[in-house]
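Text of input25.pdb (PDB, C-alpha atoms) as supplied:
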ATOM      1  CA  LEU A   1      82.064 132.010 126.309
ATOM      2  CA  SER A   2      83.976 134.641 124.337
ATOM      3  CA  THR A   3      86.201 135.273 127.377
ATOM      4  CA  ARG A   4      87.083 131.592 127.666
ATOM      5  CA  LEU A   5      87.794 131.349 123.944
ATOM      6  CA  ASN A   6      90.073 134.392 124.049
ATOM      7  CA  GLU A   7      92.145 132.676 126.731
ATOM      8  CA  VAL A   8      93.005 129.793 124.398
ATOM      9  CA  LEU A   9      93.113 131.634 121.057
ATOM     10  CA  PRO A  10      96.387 132.991 119.602
ATOM     11  CA  ARG A  11      97.287 136.602 120.356
ATOM     12  CA  ASP A  12      96.308 137.844 116.883
ATOM     13  CA  ALA A  13      92.837 136.254 117.110
ATOM     14  CA  GLU A  14      89.806 137.449 119.021
ATOM     15  CA  ALA A  15      86.462 135.857 119.785
ATOM     16  CA  LYS A  16      83.349 137.989 119.543
ATOM     17  CA  THR A  17      79.714 137.407 120.270
ATOM     18  CA  GLY A  18      77.092 138.160 117.653
ATOM     19  CA  THR A  19      75.936 141.166 119.660
ATOM     20  CA  GLU A  20      79.437 142.642 119.815
ATOM     21  CA  ASP A  21      79.986 142.125 116.103
ATOM     22  CA  ALA A  22      76.629 143.708 115.247
ATOM     23  CA  ALA A  23      77.434 146.704 117.464
ATOM     24  CA  GLU A  24      80.792 147.240 115.745
ATOM     25  CA  GLN A  25      79.246 147.012 112.288
ATOM     26  CA  SER A  26      76.506 149.438 113.318
ATOM     27  CA  ALA A  27      79.134 151.912 114.568
ATOM     28  CA  ASP A  28      81.047 151.624 111.277
ATOM     29  CA  ILE A  29      77.868 152.299 109.278
ATOM     30  CA  GLU A  30      76.988 155.319 111.409
ATOM     31  CA  GLU A  31      80.515 156.681 111.029
ATOM     32  CA  GLY A  32      80.339 156.177 107.268
ATOM     33  CA  PHE A  33      77.040 158.063 107.072
ATOM     34  CA  GLY A  34      78.589 160.814 109.188
ATOM     35  CA  PHE A  35      81.413 161.139 106.656
ATOM     36  CA  LEU A  36      78.974 161.275 103.720
ATOM     37  CA  THR A  37      76.621 163.711 105.448
ATOM     38  CA  THR A  38      79.437 166.079 106.400
ATOM     39  CA  PHE A  39      80.885 165.974 102.908
ATOM     40  CA  LEU A  40      77.511 166.634 101.274
ATOM     41  CA  LEU A  41      76.604 169.446 103.661
ATOM     42  CA  VAL A  42      79.932 171.207 103.099
ATOM     43  CA  PHE A  43      79.609 171.064  99.330
ATOM     44  CA  ALA A  44      75.932 171.980  99.463
ATOM     45  CA  GLY A  45      76.884 175.132 101.375
ATOM     46  CA  ILE A  46      79.638 175.958  98.889
ATOM     47  CA  SER A  47      77.228 175.393  95.989
ATOM     48  CA  VAL A  48      74.629 177.746  97.475
ATOM     49  CA  VAL A  49      77.230 180.484  97.968
ATOM     50  CA  ALA A  50      78.486 179.995  94.402
ATOM     51  CA  LEU A  51      74.925 180.180  93.065
ATOM     52  CA  VAL A  52      74.186 183.436  94.876
ATOM     53  CA  VAL A  53      77.473 185.059  93.852
ATOM     54  CA  GLY A  54      77.118 183.851  90.266
ATOM     55  CA  ALA A  55      73.578 185.157  89.994
ATOM     56  CA  LYS A  56      74.792 188.600  91.107
ATOM     57  CA  LEU A  57      77.953 188.827  88.993
ATOM     58  CA  ILE A  58      77.404 186.801  85.817
ATOM     59  CA  ARG A  59      75.602 188.557  83.016
ATOM     60  CA  PRO A  60      74.263 186.896  79.854
ATOM     61  CA  GLY A  61      76.709 187.132  76.945
ATOM     62  CA  ALA A  62      76.120 187.445  73.247
ATOM     63  CA  THR A  63      74.394 184.416  71.766
ATOM     64  CA  ALA A  64      76.447 182.396  69.311
ATOM     65  CA  GLU A  65      75.315 180.647  66.177
ATOM     66  CA  ALA A  66      73.783 177.258  66.904
ATOM     67  CA  VAL A  67      75.977 174.296  65.963
ATOM     68  CA  THR A  68      75.372 170.582  65.958
ATOM     69  CA  ILE A  69      76.628 168.526  68.899
ATOM     70  CA  ASP A  70      79.528 166.232  68.090
ATOM     71  CA  TRP A  71      77.887 163.117  69.496
ATOM     72  CA  LEU A  72      80.164 160.664  67.701
ATOM     73  CA  GLY A  73      83.250 162.496  68.891
ATOM     74  CA  GLY A  74      81.997 162.370  72.463
ATOM     75  CA  ILE A  75      81.246 158.649  72.246
ATOM     76  CA  THR A  76      84.639 157.716  70.770
ATOM     77  CA  LEU A  77      86.502 159.940  73.229
ATOM     78  CA  GLY A  78      84.566 158.541  76.182
ATOM     79  CA  ALA A  79      85.174 154.961  75.029
ATOM     80  CA  SER A  80      88.918 155.543  74.649
ATOM     81  CA  VAL A  81      89.223 157.202  78.068
ATOM     82  CA  LEU A  82      87.141 154.484  79.756
ATOM     83  CA  THR A  83      89.114 151.592  78.274
ATOM     84  CA  GLY A  84      92.394 153.390  79.010
ATOM     85  CA  LEU A  85      91.489 153.863  82.674
ATOM     86  CA  LEU A  86      90.313 150.266  82.957
ATOM     87  CA  ALA A  87      93.612 149.108  81.449
ATOM     88  CA  MET A  88      95.579 151.183  83.969
ATOM     89  CA  ALA A  89      93.512 149.847  86.872
ATOM     90  CA  ARG A  90      93.935 146.259  85.672
ATOM     91  CA  PHE A  91      97.676 146.730  85.180
ATOM     92  CA  THR A  92      98.231 148.140  88.677
ATOM     93  CA  GLY A  93      96.085 145.366  90.148
ATOM     94  CA  GLU A  94      98.196 142.722  88.405
ATOM     95  CA  ILE A  95     101.405 144.354  89.621
ATOM     96  CA  ARG A  96     100.186 144.400  93.221
ATOM     97  CA  SER A  97      98.925 140.837  93.297
ATOM     98  CA  GLY A  98     101.491 139.219  91.010
ATOM     99  CA  SER A  99     104.384 140.503  88.981
ATOM    100  CA  PHE A 100     105.179 142.429  85.834
ATOM    101  CA  GLY A 101     105.279 139.149  83.943
ATOM    102  CA  ALA A 102     101.753 138.325  85.044
ATOM    103  CA  ALA A 103     100.559 141.729  83.849
ATOM    104  CA  ALA A 104     102.351 141.315  80.510
ATOM    105  CA  GLY A 105     100.620 137.961  79.985
ATOM    106  CA  ASP A 106      97.145 139.219  80.862
ATOM    107  CA  VAL A 107      95.035 138.902  77.705
ATOM    108  CA  GLY A 108      92.261 141.086  79.126
ATOM    109  CA  LEU A 109      94.737 143.894  79.727
ATOM    110  CA  TRP A 110      95.916 143.827  76.125
ATOM    111  CA  VAL A 111      92.326 143.773  74.890
ATOM    112  CA  LEU A 112      91.640 146.970  76.852
ATOM    113  CA  VAL A 113      94.831 148.574  75.509
ATOM    114  CA  ALA A 114      93.813 147.669  71.943
ATOM    115  CA  LEU A 115      90.294 149.050  72.456
ATOM    116  CA  CYS A 116      91.771 152.276  73.835
ATOM    117  CA  ALA A 117      94.025 152.637  70.788
ATOM    118  CA  VAL A 118      91.085 151.977  68.455
ATOM    119  CA  GLY A 119      89.000 154.561  70.314
ATOM    120  CA  VAL A 120      91.708 157.227  70.073
ATOM    121  CA  THR A 121      92.184 156.536  66.350
ATOM    122  CA  ALA A 122      88.446 156.709  65.738
ATOM    123  CA  PHE A 123      88.187 159.953  67.705
ATOM    124  CA  VAL A 124      90.908 161.587  65.611
ATOM    125  CA  GLN A 125      89.214 160.517  62.389
ATOM    126  CA  VAL A 126      85.824 161.756  63.577
ATOM    127  CA  GLU A 127      87.183 165.141  64.651
ATOM    128  CA  ARG A 128      88.910 165.661  61.316
ATOM    129  CA  ARG A 129      85.616 165.206  59.478
ATOM    130  CA  ALA A 130      83.217 166.915  61.901
ATOM    131  CA  SER A 131      81.796 170.297  60.876
ATOM    132  CA  ALA A 132      81.758 171.410  64.536
ATOM    133  CA  PRO A 133      84.376 169.222  66.274
ATOM    134  CA  MET A 134      84.412 168.761  70.018
ATOM    135  CA  LEU A 135      88.156 169.436  70.048
ATOM    136  CA  LYS A 136      90.023 171.199  67.279
ATOM    137  CA  LEU A 137      93.060 169.016  66.641
ATOM    138  CA  ARG A 138      95.143 171.911  65.363
ATOM    139  CA  TYR A 139      95.359 173.162  68.952
ATOM    140  CA  PHE A 140      97.817 170.350  69.666
ATOM    141  CA  ARG A 141     100.340 172.052  67.386
ATOM    142  CA  ARG A 142     100.469 174.981  69.818
ATOM    143  CA  ARG A 143     102.967 174.648  72.645
ATOM    144  CA  ASN A 144     100.989 176.898  74.968
ATOM    145  CA  PHE A 145      98.075 174.461  74.636
ATOM    146  CA  LEU A 146      99.830 171.087  74.506
ATOM    147  CA  MET A 147     102.390 171.544  77.291
ATOM    148  CA  PRO A 148      99.926 172.775  79.959
ATOM    149  CA  MET A 149      97.685 169.836  79.072
ATOM    150  CA  LEU A 150     100.548 167.358  79.533
ATOM    151  CA  SER A 151     101.700 169.051  82.733
ATOM    152  CA  SER A 152      98.182 169.008  84.157
ATOM    153  CA  ALA A 153      97.750 165.329  83.301
ATOM    154  CA  LEU A 154     100.977 164.394  85.101
ATOM    155  CA  VAL A 155     100.219 166.597  88.109
ATOM    156  CA  GLN A 156      96.803 164.961  88.441
ATOM    157  CA  PHE A 157      98.494 161.634  89.191
ATOM    158  CA  ALA A 158      99.967 163.181  92.325
ATOM    159  CA  TYR A 159      96.774 165.047  93.201
ATOM    160  CA  MET A 160      94.453 162.053  92.917
ATOM    161  CA  GLY A 161      97.000 159.774  94.584
ATOM    162  CA  GLY A 162      97.114 162.119  97.546
ATOM    163  CA  PHE A 163      93.322 162.231  97.572
ATOM    164  CA  VAL A 164      93.194 158.432  97.905
ATOM    165  CA  VAL A 165      95.985 158.113 100.503
ATOM    166  CA  THR A 166      94.907 161.021 102.740
ATOM    167  CA  PRO A 167      91.859 159.360 104.427
ATOM    168  CA  PRO A 168      93.772 156.300 105.732
ATOM    169  CA  LEU A 169      96.657 158.553 106.792
ATOM    170  CA  LEU A 170      94.390 160.858 108.785
ATOM    171  CA  GLY A 171      92.285 158.011 110.146
ATOM    172  CA  GLY A 172      95.214 155.733 111.044
ATOM    173  CA  PRO A 173      98.310 157.503 112.395
ATOM    174  CA  TYR A 174      96.494 160.762 113.195
ATOM    175  CA  GLY A 175      93.377 159.062 114.578
ATOM    176  CA  LEU A 176      90.786 161.449 113.099
ATOM    177  CA  GLY A 177      87.170 160.420 112.680
ATOM    178  CA  LEU A 178      85.462 160.219 109.311
ATOM    179  CA  GLY A 179      83.540 163.434 109.881
ATOM    180  CA  MET A 180      86.715 165.411 110.555
ATOM    181  CA  ILE A 181      88.438 163.741 107.577
ATOM    182  CA  ALA A 182      85.570 164.907 105.362
ATOM    183  CA  LEU A 183      86.052 168.492 106.550
ATOM    184  CA  VAL A 184      89.795 168.307 105.887
ATOM    185  CA  LEU A 185      89.276 166.900 102.379
ATOM    186  CA  ALA A 186      86.662 169.551 101.619
ATOM    187  CA  ALA A 187      89.437 172.146 101.675
ATOM    188  CA  ARG A 188      90.968 170.655  98.520
ATOM    189  CA  PRO A 189      88.152 171.306  96.020
ATOM    190  CA  GLY A 190      87.298 174.472  97.943
ATOM    191  CA  ALA A 191      90.817 175.804  97.390
ATOM    192  CA  PHE A 192      90.517 174.892  93.705
ATOM    193  CA  SER A 193      87.326 176.925  93.364
ATOM    194  CA  LEU A 194      88.662 179.949  95.235
ATOM    195  CA  ALA A 195      91.996 179.958  93.414
ATOM    196  CA  SER A 196      90.611 179.498  89.890
ATOM    197  CA  PRO A 197      89.790 183.202  89.280
ATOM    198  CA  PHE A 198      93.289 184.158  90.448
ATOM    199  CA  GLY A 199      94.811 181.462  88.238
ATOM    200  CA  GLY A 200      92.901 182.749  85.235
ATOM    201  CA  TYR A 201      94.076 186.281  85.962
ATOM    202  CA  LEU A 202      97.703 185.151  86.202
ATOM    203  CA  ALA A 203      97.523 183.385  82.836
ATOM    204  CA  THR A 204      96.236 186.576  81.259
ATOM    205  CA  ALA A 205      98.616 188.917  83.082
ATOM    206  CA  ILE A 206     101.939 187.064  82.851
ATOM    207  CA  GLY A 207     101.270 184.286  80.354
ATOM    208  CA  GLU A 208     100.553 180.585  80.712
ATOM    209  CA  ARG A 209     104.092 179.324  81.275
ATOM    210  CA  ARG A 210     104.919 180.755  84.693
ATOM    211  CA  PRO A 211     101.674 179.722  86.433
ATOM    212  CA  VAL A 212     102.054 176.174  85.098
ATOM    213  CA  ILE A 213     105.663 175.964  86.326
ATOM    214  CA  LEU A 214     104.743 177.453  89.699
ATOM    215  CA  GLY A 215     101.820 175.065  90.143
ATOM    216  CA  SER A 216     103.953 172.042  89.240
ATOM    217  CA  VAL A 217     106.710 173.082  91.665
ATOM    218  CA  LEU A 218     104.176 173.587  94.463
ATOM    219  CA  MET A 219     102.631 170.177  93.761
ATOM    220  CA  ILE A 220     106.074 168.539  93.929
ATOM    221  CA  ALA A 221     106.783 170.327  97.216
ATOM    222  CA  SER A 222     103.432 169.254  98.647
ATOM    223  CA  MET A 223     104.084 165.619  97.726
ATOM    224  CA  GLY A 224     107.488 165.864  99.412
ATOM    225  CA  ALA A 225     105.868 167.253 102.550
ATOM    226  CA  PHE A 226     103.247 164.514 102.360
ATOM    227  CA  ALA A 227     105.960 161.828 102.235
ATOM    228  CA  VAL A 228     107.779 163.395 105.186
ATOM    229  CA  ALA A 229     104.558 163.553 107.214
ATOM    230  CA  SER A 230     103.842 159.891 106.449
ATOM    231  CA  GLY A 231     107.337 158.915 107.571
ATOM    232  CA  MET A 232     107.042 160.869 110.812
ATOM    233  CA  THR A 233     103.883 158.957 111.718
ATOM    234  CA  GLY A 234     105.186 155.546 110.767
ATOM    235  CA  GLY A 235     103.554 155.394 107.334
ATOM    236  CA  VAL A 236     100.035 154.386 106.393
TER
END
Take the structure in the file and write it out as structure tokens.
Amino acid sequence: LSTRLNEVLPRDAEAKTGTEDAAEQSADIEEGFGFLTTFLLVFAGISVVALVVGAKLIRPGATAEAVTIDWLGGITLGASVLTGLLAMARFTGEIRSGSFGAAAGDVGLWVLVALCAVGVTAFVQVERRASAPMLKLRYFRRRNFLMPMLSSALVQFAYMGGFVVTPPLLGGPYGLGLGMIALVLAARPGAFSLASPFGGYLATAIGERRPVILGSVLMIASMGAFAVASGMTGGV
């Protein structure tokens, strides 16, 4: 029956039996579990190695005076970050499905923006009054604190964007399976963990400015290489 239907259906349509459809769905589920299992096993192995090395090298430090936890600061900061991220996600969704005008007229988007602004204002007020603030606001007057924070925030857009785009790029044009994609992606956080002691040493040895500039330049170069690779394979 499916063969006869395919003969009369348009070229972009395909008839399937229930058995064929169930088999394809089953294969997709198994491949998805293979991706998750590989990812978890890789990070479980890394975690065990880190635990063993940490237990050997890390020694207990001097105990500090007990302070109260800034619960209210954490709640207001979390609320402002959550509503800000939801606003960004809603805005990008409106842009993709409609237009900038549709996003500008979205009442829900403006409600999220207003809640984010209220959360940030409340967080600042709470931190000014807290005896043991979560974040000392005077740090933002220091260039060697503020500028690396801004640079890191901007670089993270490229990093997380690449993290989202990489799986379809590897699975589509390059034809890799989910298990192999998981192994490739595992190198990213693994490189972060291995490079962090060296990055901390550089900041102490030559100052904070040069490592931040070097990291930003390397991220820009990697995004350029990523764009070139996408173009060579016909895009995603």
Please evaluate the PyMOL selection byres ((chain A and resi 155) around 12) against the displayed coordinates and give the resulting residues as a PyMOL selection string.
chain A and resi 148-154+156-162+212-223
Closest to A:Val165 among A:Ala227, A:Leu72, A:Val111, A:Ala122, using all atoms listed in the file?
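Looking only at the distances to A:Val165, the closest residue turns out to be A:Ala227.
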Find, counting only C-alpha atoms, the residue in A:Tyr201, A:Phe91, A:Tyr174, A:Phe145 that gets nearest to A:Leu112.
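The closest residue to A:Leu112 is A:Phe91.
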Rounded to one decimal, what separation in Å do you get between atom CA of A:Ser47 and atom CA of A:Gly74?
27.3 Å
Given the PyMOL selection byres ((chain A and resi 184) around 12), the residues it picks as a ChimeraX atom specification
/A:35,38-39,42,163,166-167,169-171,176-183,185-191
Determine the nearest neighbour of A:Ala130 from the options A:Ile69, A:Leu115, A:Ala103, A:Ala205, counting all atoms listed in the file.
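Using all atoms listed in the file, the shortest distance to A:Ala130 belongs to A:Ile69.
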If I take atom CA of A:Phe140 and atom CA of A:Thr92, how far is one from the other in Å, to one decimal?
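Atom-to-atom, atom CA of A:Phe140 to atom CA of A:Thr92, that is 29.2 Å.
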Padding 4 Å on each side, edges along x, y and z: where is the centre of the box around the listed atoms of stretch 117-135 of chain A, and how long are its edges in Å to one decimal? Output it as lines of an AutoDock Vina configuration file.
center_x = 87.9
center_y = 161.7
center_z = 65.1
size_x = 20.3
size_y = 27.4
size_z = 19.3
Take atom CA of A:Trp71 and atom CA of A:Met88 and report the distance between them in Å, one decimal.
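Distance reported for this atom pair: 25.8 Å.
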List the spatial neighbours of stretch 77-82 of chain A as a PyMOL selection string - criterion: any atom at most 8 Å away, all atoms listed in the file, same-chain residues fewer than 5 positions off excluded.
chain A and resi 115-120+123
For A:Ile75, which residue among A:Val126, A:Lys56, A:Ala225, A:Met147 is the nearest when counting only C-alpha atoms?
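Nearest candidate to A:Ile75 out of A:Val126, A:Lys56, A:Ala225, A:Met147: A:Val126.
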Would you mind putting all heavy atoms back on stretch 210-221 of chain A and writing the result as a CSV table (one decimal), in the frame of the given file?
chain,number,residue,atom,x,y,z
A,210,ARG,N,104.5,180.6,83.3
A,210,ARG,CA,104.9,180.8,84.7
A,210,ARG,C,103.9,180.2,85.7
A,210,ARG,O,104.3,179.5,86.6
A,210,ARG,CB,105.2,182.2,85.0
A,210,ARG,CG,106.4,182.8,84.3
A,210,ARG,CD,106.6,184.3,84.6
A,210,ARG,NE,107.7,184.9,83.9
A,210,ARG,CZ,108.1,186.1,84.0
A,210,ARG,NH1,107.3,187.0,84.7
A,210,ARG,NH2,109.1,186.6,83.3
A,211,PRO,N,102.6,180.4,85.5
A,211,PRO,CA,101.7,179.7,86.4
A,211,PRO,C,101.7,178.2,86.4
A,211,PRO,O,101.6,177.5,87.4
A,211,PRO,CB,100.3,180.2,86.0
A,211,PRO,CG,100.6,181.5,85.3
A,211,PRO,CD,101.9,181.3,84.6
A,212,VAL,N,102.0,177.6,85.2
A,212,VAL,CA,102.1,176.2,85.1
A,212,VAL,C,103.3,175.7,85.8
A,212,VAL,O,103.2,174.7,86.6
A,212,VAL,CB,102.1,175.7,83.6
A,212,VAL,CG1,102.4,174.3,83.5
A,212,VAL,CG2,100.7,176.0,83.0
A,213,ILE,N,104.4,176.4,85.6
A,213,ILE,CA,105.7,176.0,86.3
A,213,ILE,C,105.5,176.1,87.8
A,213,ILE,O,105.9,175.2,88.6
A,213,ILE,CB,106.8,176.8,85.8
A,213,ILE,CG1,107.1,176.5,84.3
A,213,ILE,CG2,108.1,176.6,86.7
A,213,ILE,CD1,108.2,177.3,83.7
A,214,LEU,N,104.9,177.2,88.3
A,214,LEU,CA,104.7,177.5,89.7
A,214,LEU,C,103.8,176.4,90.3
A,214,LEU,O,104.1,175.8,91.4
A,214,LEU,CB,104.2,178.8,89.9
A,214,LEU,CG,103.8,179.2,91.4
A,214,LEU,CD1,105.1,179.2,92.2
A,214,LEU,CD2,103.2,180.6,91.5
A,215,GLY,N,102.7,176.1,89.6
A,215,GLY,CA,101.8,175.1,90.1
A,215,GLY,C,102.5,173.7,90.2
A,215,GLY,O,102.3,173.0,91.2
A,216,SER,N,103.3,173.3,89.2
A,216,SER,CA,104.0,172.0,89.2
A,216,SER,C,105.0,172.0,90.4
A,216,SER,O,105.1,170.9,91.1
A,216,SER,CB,104.6,171.8,87.9
A,216,SER,OG,103.7,171.8,86.8
A,217,VAL,N,105.7,173.1,90.6
A,217,VAL,CA,106.7,173.1,91.7
A,217,VAL,C,106.0,173.0,93.0
A,217,VAL,O,106.5,172.2,93.9
A,217,VAL,CB,107.6,174.4,91.6
A,217,VAL,CG1,108.4,174.5,92.9
A,217,VAL,CG2,108.4,174.3,90.4
A,218,LEU,N,104.9,173.7,93.2
A,218,LEU,CA,104.2,173.6,94.5
A,218,LEU,C,103.6,172.2,94.7
A,218,LEU,O,103.6,171.7,95.8
A,218,LEU,CB,103.0,174.6,94.5
A,218,LEU,CG,103.5,176.1,94.6
A,218,LEU,CD1,102.3,177.0,94.5
A,218,LEU,CD2,104.3,176.3,95.8
A,219,MET,N,103.1,171.5,93.6
A,219,MET,CA,102.6,170.2,93.8
A,219,MET,C,103.7,169.2,94.2
A,219,MET,O,103.6,168.4,95.0
A,219,MET,CB,102.0,169.7,92.4
A,219,MET,CG,101.5,168.3,92.5
A,219,MET,SD,100.1,168.1,93.7
A,219,MET,CE,98.8,168.9,92.9
A,220,ILE,N,104.9,169.4,93.6
A,220,ILE,CA,106.1,168.5,93.9
A,220,ILE,C,106.4,168.8,95.4
A,220,ILE,O,106.7,167.8,96.2
A,220,ILE,CB,107.3,168.8,93.0
A,220,ILE,CG1,107.0,168.4,91.6
A,220,ILE,CG2,108.5,168.1,93.5
A,220,ILE,CD1,108.0,168.9,90.6
A,221,ALA,N,106.5,170.0,95.8
A,221,ALA,CA,106.8,170.3,97.2
A,221,ALA,C,105.7,169.7,98.2
A,221,ALA,O,106.1,169.2,99.2
A,221,ALA,CB,106.9,171.8,97.4
